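Dumped protein-v5.txt below, it's compact mmCIF, C-alpha atoms:
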# COMPACT_ATOMS: atom_id res chain seq x y z
CA MET A 1 -18.90 -15.08 -12.06
CA ARG A 2 -22.14 -13.38 -13.07
CA LEU A 3 -21.69 -10.89 -10.22
CA LEU A 4 -18.19 -10.03 -11.38
CA THR A 5 -19.46 -9.47 -14.90
CA ALA A 6 -22.24 -7.22 -13.61
CA LYS A 7 -19.74 -5.13 -11.65
CA LYS A 8 -17.47 -4.72 -14.66
CA THR A 9 -20.42 -3.77 -16.84
CA LYS A 10 -21.64 -1.24 -14.28
CA ASN A 11 -18.21 0.38 -13.92
CA ILE A 12 -17.92 0.75 -17.69
CA LEU A 13 -21.38 2.34 -17.85
CA LEU A 14 -20.62 4.68 -14.94
CA SER A 15 -17.37 5.80 -16.53
CA GLY A 16 -19.20 6.51 -19.79
CA ILE A 17 -21.91 8.49 -18.03
CA LEU A 18 -19.41 10.58 -16.06
CA GLY A 19 -17.37 11.20 -19.18
CA PHE A 20 -20.43 12.27 -21.15
CA SER A 21 -21.35 14.70 -18.37
CA LEU A 22 -18.31 16.78 -19.25
CA PHE A 23 -19.97 17.68 -22.54
CA LEU A 24 -23.06 19.05 -20.82
CA SER A 25 -22.90 22.78 -20.21
CA GLY A 26 -25.67 23.71 -17.80
CA CYS A 27 -28.65 22.11 -19.57
CA SER A 28 -30.86 21.22 -16.62
CA SER A 29 -33.05 18.76 -18.58
CA ASP A 30 -30.01 16.83 -19.83
CA LEU A 31 -28.49 16.74 -16.34
CA LYS A 32 -31.78 15.49 -14.87
CA ILE A 33 -31.91 12.63 -17.36
CA LEU A 34 -28.24 11.87 -16.73
CA THR A 35 -28.87 11.70 -12.98
CA GLN A 36 -31.76 9.27 -13.47
CA VAL A 37 -29.68 6.99 -15.68
CA TYR A 38 -26.79 7.19 -13.22
CA GLN A 39 -29.02 6.08 -10.35
CA GLN A 40 -30.40 3.16 -12.36
CA VAL A 41 -26.88 1.95 -13.13
CA SER A 42 -25.80 2.44 -9.52
CA ASN A 43 -28.61 0.16 -8.36
CA VAL A 44 -26.96 -2.77 -10.13
CA GLN A 45 -24.57 -3.05 -7.20
CA ASP A 46 -27.05 -1.99 -4.51
CA THR A 47 -29.32 -4.94 -5.25
CA SER A 48 -26.57 -7.55 -5.61
CA THR A 49 -25.87 -10.47 -3.25
CA GLU A 50 -22.16 -9.84 -2.95
CA GLU A 51 -20.42 -11.81 -0.23
CA ASN A 52 -17.37 -10.92 1.84
CA SER A 53 -14.47 -13.17 2.78
CA SER A 54 -16.40 -14.66 5.71
CA GLY A 55 -19.24 -15.74 3.42
CA SER A 56 -21.88 -13.38 4.79
CA LYS A 57 -23.91 -11.10 2.56
CA VAL A 58 -22.49 -7.62 2.04
CA LEU A 59 -25.17 -5.01 2.60
CA SER A 60 -25.84 -2.25 0.12
CA TYR A 61 -25.19 1.38 1.01
CA ASP A 62 -28.78 1.98 2.13
CA GLU A 63 -29.06 -1.37 3.89
CA LEU A 64 -25.96 -0.66 5.92
CA ILE A 65 -27.30 2.70 7.07
CA LYS A 66 -30.42 0.91 8.35
CA ALA A 67 -28.29 -1.73 10.05
CA LEU A 68 -26.18 0.89 11.82
CA LYS A 69 -29.32 2.66 13.04
CA SER A 70 -30.82 -0.56 14.35
CA GLY A 71 -27.59 -1.78 15.92
CA LYS A 72 -27.59 -4.95 13.82
CA VAL A 73 -24.07 -4.44 12.49
CA PRO A 74 -22.70 -7.16 10.16
CA ASP A 75 -19.48 -8.93 11.11
CA TYR A 76 -17.36 -7.28 8.40
CA VAL A 77 -18.08 -3.82 9.89
CA LEU A 78 -15.78 -3.02 12.83
CA LYS A 79 -16.78 -0.80 15.73
CA ALA A 80 -14.17 1.67 17.00
CA THR A 81 -13.70 5.03 18.70
CA VAL A 82 -11.77 7.95 17.30
CA ASP A 83 -8.37 8.41 18.91
CA ARG A 84 -7.07 11.25 16.72
CA VAL A 85 -7.21 12.63 13.22
CA ILE A 86 -3.89 12.49 11.39
CA ASP A 87 -4.99 14.26 8.21
CA GLY A 88 -7.92 14.36 5.83
CA ASP A 89 -7.66 10.73 4.75
CA THR A 90 -6.04 8.98 7.73
CA VAL A 91 -7.28 8.62 11.31
CA LYS A 92 -6.15 6.72 14.38
CA LEU A 93 -8.83 4.48 15.88
CA LYS A 94 -9.18 2.35 19.01
CA PHE A 95 -10.92 -0.91 18.22
CA GLU A 96 -13.00 -3.06 20.56
CA ASP A 97 -10.10 -5.45 21.17
CA GLY A 98 -8.16 -2.55 22.68
CA THR A 99 -5.72 -2.05 19.81
CA ASN A 100 -4.98 1.37 18.34
CA GLU A 101 -4.61 1.29 14.58
CA SER A 102 -4.32 3.78 11.74
CA LEU A 103 -7.13 3.69 9.19
CA ARG A 104 -6.38 4.61 5.60
CA ILE A 105 -9.78 5.72 4.35
CA LEU A 106 -10.60 4.06 1.05
CA LEU A 107 -11.12 5.73 -2.33
CA ILE A 108 -10.04 9.23 -1.29
CA ASP A 109 -6.94 11.34 -1.57
CA THR A 110 -6.75 14.66 0.27
CA PRO A 111 -3.96 17.25 -0.04
CA GLU A 112 -1.06 16.48 2.32
CA ASP A 113 -0.94 18.10 5.75
CA THR A 114 1.79 16.19 7.59
CA LYS A 115 5.38 16.14 6.34
CA GLU A 116 4.42 18.06 3.21
CA LYS A 117 2.03 21.00 3.38
CA GLN A 118 -0.14 21.13 0.28
CA TYR A 119 -2.75 23.72 -0.60
CA LEU A 120 -6.02 23.05 1.31
CA GLY A 121 -4.45 20.12 3.17
CA ASP A 122 -5.01 21.90 6.48
CA VAL A 123 -8.62 22.64 5.52
CA ALA A 124 -9.19 18.94 4.78
CA THR A 125 -7.66 18.02 8.15
CA SER A 126 -9.87 20.56 9.90
CA PHE A 127 -12.93 19.11 8.18
CA ALA A 128 -11.94 15.66 9.43
CA LYS A 129 -11.44 16.94 12.98
CA ASN A 130 -14.84 18.62 12.98
CA SER A 131 -16.52 15.48 11.65
CA LEU A 132 -14.59 12.89 13.67
CA LYS A 133 -14.04 14.05 17.23
CA LYS A 134 -11.90 12.19 19.75
CA GLY A 135 -13.98 9.58 21.55
CA ASP A 136 -16.71 9.40 18.91
CA ILE A 137 -17.98 5.92 18.07
CA VAL A 138 -17.46 5.10 14.39
CA TYR A 139 -17.75 2.02 12.17
CA VAL A 140 -15.20 0.76 9.66
CA GLU A 141 -16.72 -1.07 6.71
CA THR A 142 -14.06 -3.38 5.34
CA ASP A 143 -13.93 -4.25 1.65
CA GLY A 144 -11.72 -7.22 0.96
CA ALA A 145 -8.31 -6.99 2.65
CA LYS A 146 -8.54 -5.56 6.16
CA THR A 147 -5.05 -4.01 6.12
CA ASP A 148 -2.47 -2.79 3.61
CA LYS A 149 1.22 -3.69 3.38
CA TYR A 150 2.03 -1.06 6.01
CA GLY A 151 -0.35 -2.64 8.52
CA ARG A 152 -2.87 0.19 8.26
CA TYR A 153 -6.52 -0.74 8.34
CA LEU A 154 -8.50 -0.04 5.16
CA GLY A 155 -12.17 0.84 5.02
CA TYR A 156 -15.10 3.14 4.57
CA LEU A 157 -15.60 5.20 7.72
CA TRP A 158 -19.18 5.66 8.94
CA TYR A 159 -19.95 8.26 11.60
CA ASP A 160 -23.02 9.69 13.35
CA SER A 161 -23.14 13.22 11.94
CA THR A 162 -25.75 14.62 14.34
CA GLY A 163 -25.75 12.39 17.41
CA ASN A 164 -29.16 11.03 16.38
CA LYS A 165 -27.96 7.94 14.48
CA ASP A 166 -27.74 9.97 11.28
CA TYR A 167 -24.96 7.87 9.79
CA LYS A 168 -22.90 9.17 6.90
CA MET A 169 -19.86 7.83 5.13
CA TYR A 170 -16.94 10.17 5.76
CA ASN A 171 -15.26 9.14 2.51
CA GLU A 172 -18.24 10.42 0.56
CA GLU A 173 -18.73 13.60 2.61
CA VAL A 174 -15.15 14.86 2.32
CA VAL A 175 -15.30 14.31 -1.46
CA ARG A 176 -18.64 16.13 -1.67
CA GLU A 177 -17.06 19.03 0.26
CA GLY A 178 -14.41 19.32 -2.46
CA LEU A 179 -11.58 18.50 -0.07
CA ALA A 180 -10.64 15.13 -1.55
CA ARG A 181 -10.43 13.60 -4.98
CA VAL A 182 -11.54 10.06 -5.76
CA GLY A 183 -8.44 7.92 -6.02
CA TYR A 184 -7.77 4.25 -5.47
CA ILE A 185 -4.73 1.99 -5.43
CA TYR A 186 -6.48 -1.00 -3.88
CA ASP A 187 -8.99 -3.45 -5.35
CA ALA A 188 -11.72 -2.21 -2.98
CA VAL A 189 -14.25 -0.27 -5.06
CA ARG A 190 -17.58 -1.19 -3.45
CA HIS A 191 -18.78 2.40 -3.14
CA LEU A 192 -17.00 3.83 -6.17
CA ASP A 193 -20.31 4.89 -7.73
CA LYS A 194 -21.27 6.96 -4.66
CA MET A 195 -17.83 8.53 -4.54
CA LYS A 196 -17.83 9.54 -8.19
CA ALA A 197 -21.29 11.03 -7.85
CA ALA A 198 -20.10 13.12 -4.88
CA GLN A 199 -17.03 14.23 -6.82
CA TYR A 200 -19.19 15.24 -9.76
CA GLU A 201 -21.24 17.48 -7.42
CA ALA A 202 -18.09 19.14 -6.08
CA GLN A 203 -16.63 19.63 -9.56
CA LYS A 204 -19.81 21.23 -10.88
CA SER A 205 -19.85 23.61 -7.90
CA LYS A 206 -16.08 24.25 -8.17
CA LYS A 207 -15.69 23.64 -4.45
CA ASN A 208 -12.26 23.90 -2.82
CA ILE A 209 -9.78 21.68 -4.75
CA TRP A 210 -11.89 22.03 -7.90
CA GLU A 211 -11.90 25.83 -7.87
CA ILE A 212 -8.47 26.00 -9.51
CA ASP A 213 -8.53 24.28 -12.90
CA GLY A 214 -5.86 21.61 -13.03
CA TYR A 215 -5.04 21.59 -9.31
CA ALA A 216 -6.59 18.16 -8.66
CA THR A 217 -5.32 15.58 -11.16
CA ASP A 218 -5.44 11.82 -11.57
CA LYS A 219 -2.00 11.64 -9.99
CA GLY A 220 -2.47 14.06 -7.08
CA PHE A 221 -2.33 17.82 -6.66
CA ASN A 222 -0.43 20.34 -8.77
CA GLN A 223 1.11 22.75 -6.26
CA SER A 224 2.47 25.03 -8.99
CA LEU A 225 -1.05 26.36 -9.53
CA THR A 226 -1.77 27.31 -5.93
CA PRO A 227 -2.02 30.96 -4.74
CA THR A 228 0.40 30.56 -1.85
CA SER A 229 3.01 33.21 -2.61
CA ASP A 230 3.63 36.38 -4.58
CA ASN A 231 6.58 37.17 -6.88
CA SER A 232 8.72 38.37 -3.98
CA GLY A 233 8.46 35.02 -2.26
CA GLY A 234 6.31 36.22 0.63
CA THR A 235 2.76 35.30 1.46
CA ASN A 236 0.22 37.03 -0.71
CA SER A 237 -2.04 38.14 2.15
CA LYS A 238 -2.32 38.28 5.92
CA SER A 239 -2.91 35.18 8.00
CA VAL A 240 -6.44 34.31 9.10
CA TYR A 241 -8.04 31.46 11.01
CA ALA A 242 -10.74 29.43 9.26
CA ASN A 243 -13.65 27.59 10.82
CA THR A 244 -14.87 24.75 8.58
CA SER A 245 -18.18 24.49 10.41
CA SER A 246 -19.28 28.10 9.88
CA LYS A 247 -17.25 28.68 6.68
CA LYS A 248 -16.03 31.97 8.21
CA TYR A 249 -12.48 33.13 8.79
CA HIS A 250 -11.37 35.09 11.86
CA SER A 251 -8.51 37.28 13.01
CA THR A 252 -7.40 35.03 15.91
CA SER A 253 -7.26 31.28 16.43
CA ASP A 254 -9.70 31.28 19.35
CA ALA A 255 -12.16 33.96 18.22
CA HIS A 256 -15.66 33.43 19.67
CA GLY A 257 -14.47 30.31 21.51
CA MET A 258 -13.51 28.61 18.25
CA LYS A 259 -11.55 25.35 18.52
CA ASN A 260 -9.43 23.50 15.95
CA SER A 261 -9.19 26.51 13.67
CA THR A 262 -7.08 26.31 10.54
CA LYS A 263 -4.44 28.94 9.84
CA MET A 264 -4.07 30.08 6.23
CA SER A 265 -3.64 33.22 4.20
CA GLU A 266 -6.70 35.38 3.59
CA ALA A 267 -6.36 34.68 -0.13
CA GLU A 268 -6.40 30.94 0.53
CA ALA A 269 -9.45 31.30 2.77
CA LYS A 270 -11.36 33.19 0.09
CA LYS A 271 -10.30 30.67 -2.55
CA ALA A 272 -11.62 27.88 -0.32
CA GLY A 273 -15.02 29.55 -0.06
CA TYR A 274 -14.70 31.18 3.38
CA SER A 275 -16.08 34.64 4.11
CA ALA A 276 -14.83 37.17 6.65
CA CYS A 277 -16.32 37.25 10.15
CA LYS A 278 -18.17 40.58 10.43
CA THR A 279 -17.16 40.91 14.09
CA CYS A 280 -13.46 40.40 13.41
CA TYR A 281 -13.45 42.48 10.22
CA ASN A 282 -15.91 45.36 10.40

Take the structure in the file and give it back as structure tokens.
Amino acid sequence: MRLLTAKKTKNILLSGILGFSLFLSGCSSDLKILTQVYQQVSNVQDTSTEENSSGSKVLSYDELIKALKSGKVPDYVLKATVDRVIDGDTVKLKFEDGTNESLRILLIDTPEDTKEKQYLGDVATSFAKNSLKKGDIVYVETDGAKTDKYGRYLGYLWYDSTGNKDYKMYNEEVVREGLARVGYIYDAVRHLDKMKAAQYEAQKSKKNIWEIDGYATDKGFNQSLTPTSDNSGGTNSKSVYANTSSKKYHSTSDAHGMKNSTKMSEAEAKKAGYSACKTCYN
């Protein structure tokens, strides 16, 4: 009961801190103090002795990174390999028991890129494909219920970002890149503090979904604000092919041996922070 109270208290404090940050307008000393307070509040959860459904201790964010590096993975963290990326917040994984399951990545919502094509949805998908390549070994950190009502697995997705056991949480990285908003419909909120901190960084930098005021909302994405067409109904610029790794856009989909490029209008590419390849556009 004391742990539950501590969590509620921390979430209230975090919400207050993040709300107060909106009143700060570039004062570096105030932001520095705010960051220090934020970290102190975040540590309330990091030093807890939370337990999962199996009764074992749930490791903190930093403890789990160390465990993944050492190979001493706790039982609530599932090992898998990437089968394919579906979009920015859903991937197909093959687990050690041989089953292939979809993973709905917790606490994030990216623009749609499947049945509905939303602004920057393809960029979010491309980011996922560049981060999570087919055959890569990844780890799914469960948080409460393992699956949702659709049978999809739920979790935080940890991947080796460099091939040198440099583990990062994909949920956090895609939010920091400004390609996902923090959103949750499940009770799992273990890393909510990390996610909100990453979102705050992206918002301050006006990266991708945060570049257009009002595009990312608490309920999703407002497509009426996106620069996808002109008054005549046609596209507002020529098509280009974006590379999320280099943050350059090119004239063809396979320029310079590029793979998994993302097609978009030149205006969309510029809005998303891409710059023109000097070889393609000289």

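Going from CA of Lys270 in chain A over to CA of Thr252 in chain A, you cover 16.4 Å.
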
From the list A:Ala255, A:Ala128, A:Leu59, A:Ile185, which residue is nearest Asp113 in chain A when using only C-alpha atoms? A:Ala128

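Here CA of Ala216 in chain A stands at a distance of 15.7 Å from CA of Asp122 in chain A.
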
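Atom pair CA of Glu96 in chain A / CA of Ala80 in chain A: separated by 6.0 Å.
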
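Nearest residue to Asp213 in chain A among A:Thr262, A:Gly273, A:Thr125, A:Thr226 is A:Thr226, counting only C-alpha atoms.
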
For a quick check of understanding, using only C-alpha atoms, which of A:Glu63, A:Asp83, A:Glu177, A:Glu112 has the smallest distance to Asn222 in chain A? A:Glu112

Protein, DNA and RNA residues within 10 Å of (-9.7, -3.4, 11.3), all atoms listed in the file, as JSON, numbers by chain: {"A": [76, 77, 78, 79, 80, 93, 94, 95, 96, 99, 100, 101, 102, 103, 139, 140, 141, 142, 145, 146, 147, 151, 152, 153, 154, 155]}

Excluding range 279-281 of chain A and residues on its chain fewer than 4 positions from it, collect all residues at most 12 Å away from it, counting all atoms listed in the file, and give them as JSON, numbers by chain. {"A": [240, 241, 248, 249, 250, 251, 252, 253, 254, 255, 256, 266, 275]}

Give, as lines of an AutoDock Vina configuration file, the centre coordinates and the x, y and z edge lengths in Å to one decimal for an axis-aligned box around all listed atoms of range 161-176 of chain A, padded by 3 Å on each side.
center_x = -22.2
center_y = 12.0
center_z = 7.9
size_x = 20.0
size_y = 14.3
size_z = 25.1

Counting only C-alpha atoms, which residue out of A:Tyr119, A:Tyr61, A:Tyr184, A:Tyr159 sits closest to Arg104 in chain A? A:Tyr184

Please return as a PyMOL selection string every residue within 8 Å of (-1.5, 13.6, 4.4), taking into account all atoms listed in the file and the file's own coordinates. chain A and resi 86-90+110-116+121

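In terms of minimum interatomic distance to Leu106 in chain A, A:Glu172 ranks closest within A:Asp160, A:Asp62, A:Asp136, A:Glu172, counting all atoms listed in the file.
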
Which residues come within 9 Å of range 178-180 of chain A, counting all atoms listed in the file, excluding same-chain residues fewer than 3 positions away, as a short mmCIF file (atom, residue, chain, number, x, y, z; two decimals) with C-alpha atoms, keeping the file's coordinate frame?
data_model
loop_
_atom_site.label_atom_id
_atom_site.label_comp_id
_atom_site.auth_asym_id
_atom_site.auth_seq_id
_atom_site.Cartn_x
_atom_site.Cartn_y
_atom_site.Cartn_z
CA GLY A 88 -7.92 14.36 5.83
CA ASP A 89 -7.66 10.73 4.75
CA ILE A 108 -10.04 9.23 -1.29
CA ASP A 109 -6.94 11.34 -1.57
CA THR A 110 -6.75 14.66 0.27
CA PRO A 111 -3.96 17.25 -0.04
CA LEU A 120 -6.02 23.05 1.31
CA GLY A 121 -4.45 20.12 3.17
CA VAL A 123 -8.62 22.64 5.52
CA ALA A 124 -9.19 18.94 4.78
CA PHE A 127 -12.93 19.11 8.18
CA ASN A 171 -15.26 9.14 2.51
CA GLU A 173 -18.73 13.60 2.61
CA VAL A 174 -15.15 14.86 2.32
CA VAL A 175 -15.30 14.31 -1.46
CA GLY A 183 -8.44 7.92 -6.02
CA ALA A 198 -20.10 13.12 -4.88
CA GLN A 199 -17.03 14.23 -6.82
CA GLU A 201 -21.24 17.48 -7.42
CA ALA A 202 -18.09 19.14 -6.08
CA GLN A 203 -16.63 19.63 -9.56
CA SER A 205 -19.85 23.61 -7.90
CA LYS A 206 -16.08 24.25 -8.17
CA LYS A 207 -15.69 23.64 -4.45
CA ASN A 208 -12.26 23.90 -2.82
CA ILE A 209 -9.78 21.68 -4.75
CA TRP A 210 -11.89 22.03 -7.90
CA GLU A 211 -11.90 25.83 -7.87
CA ALA A 216 -6.59 18.16 -8.66
#
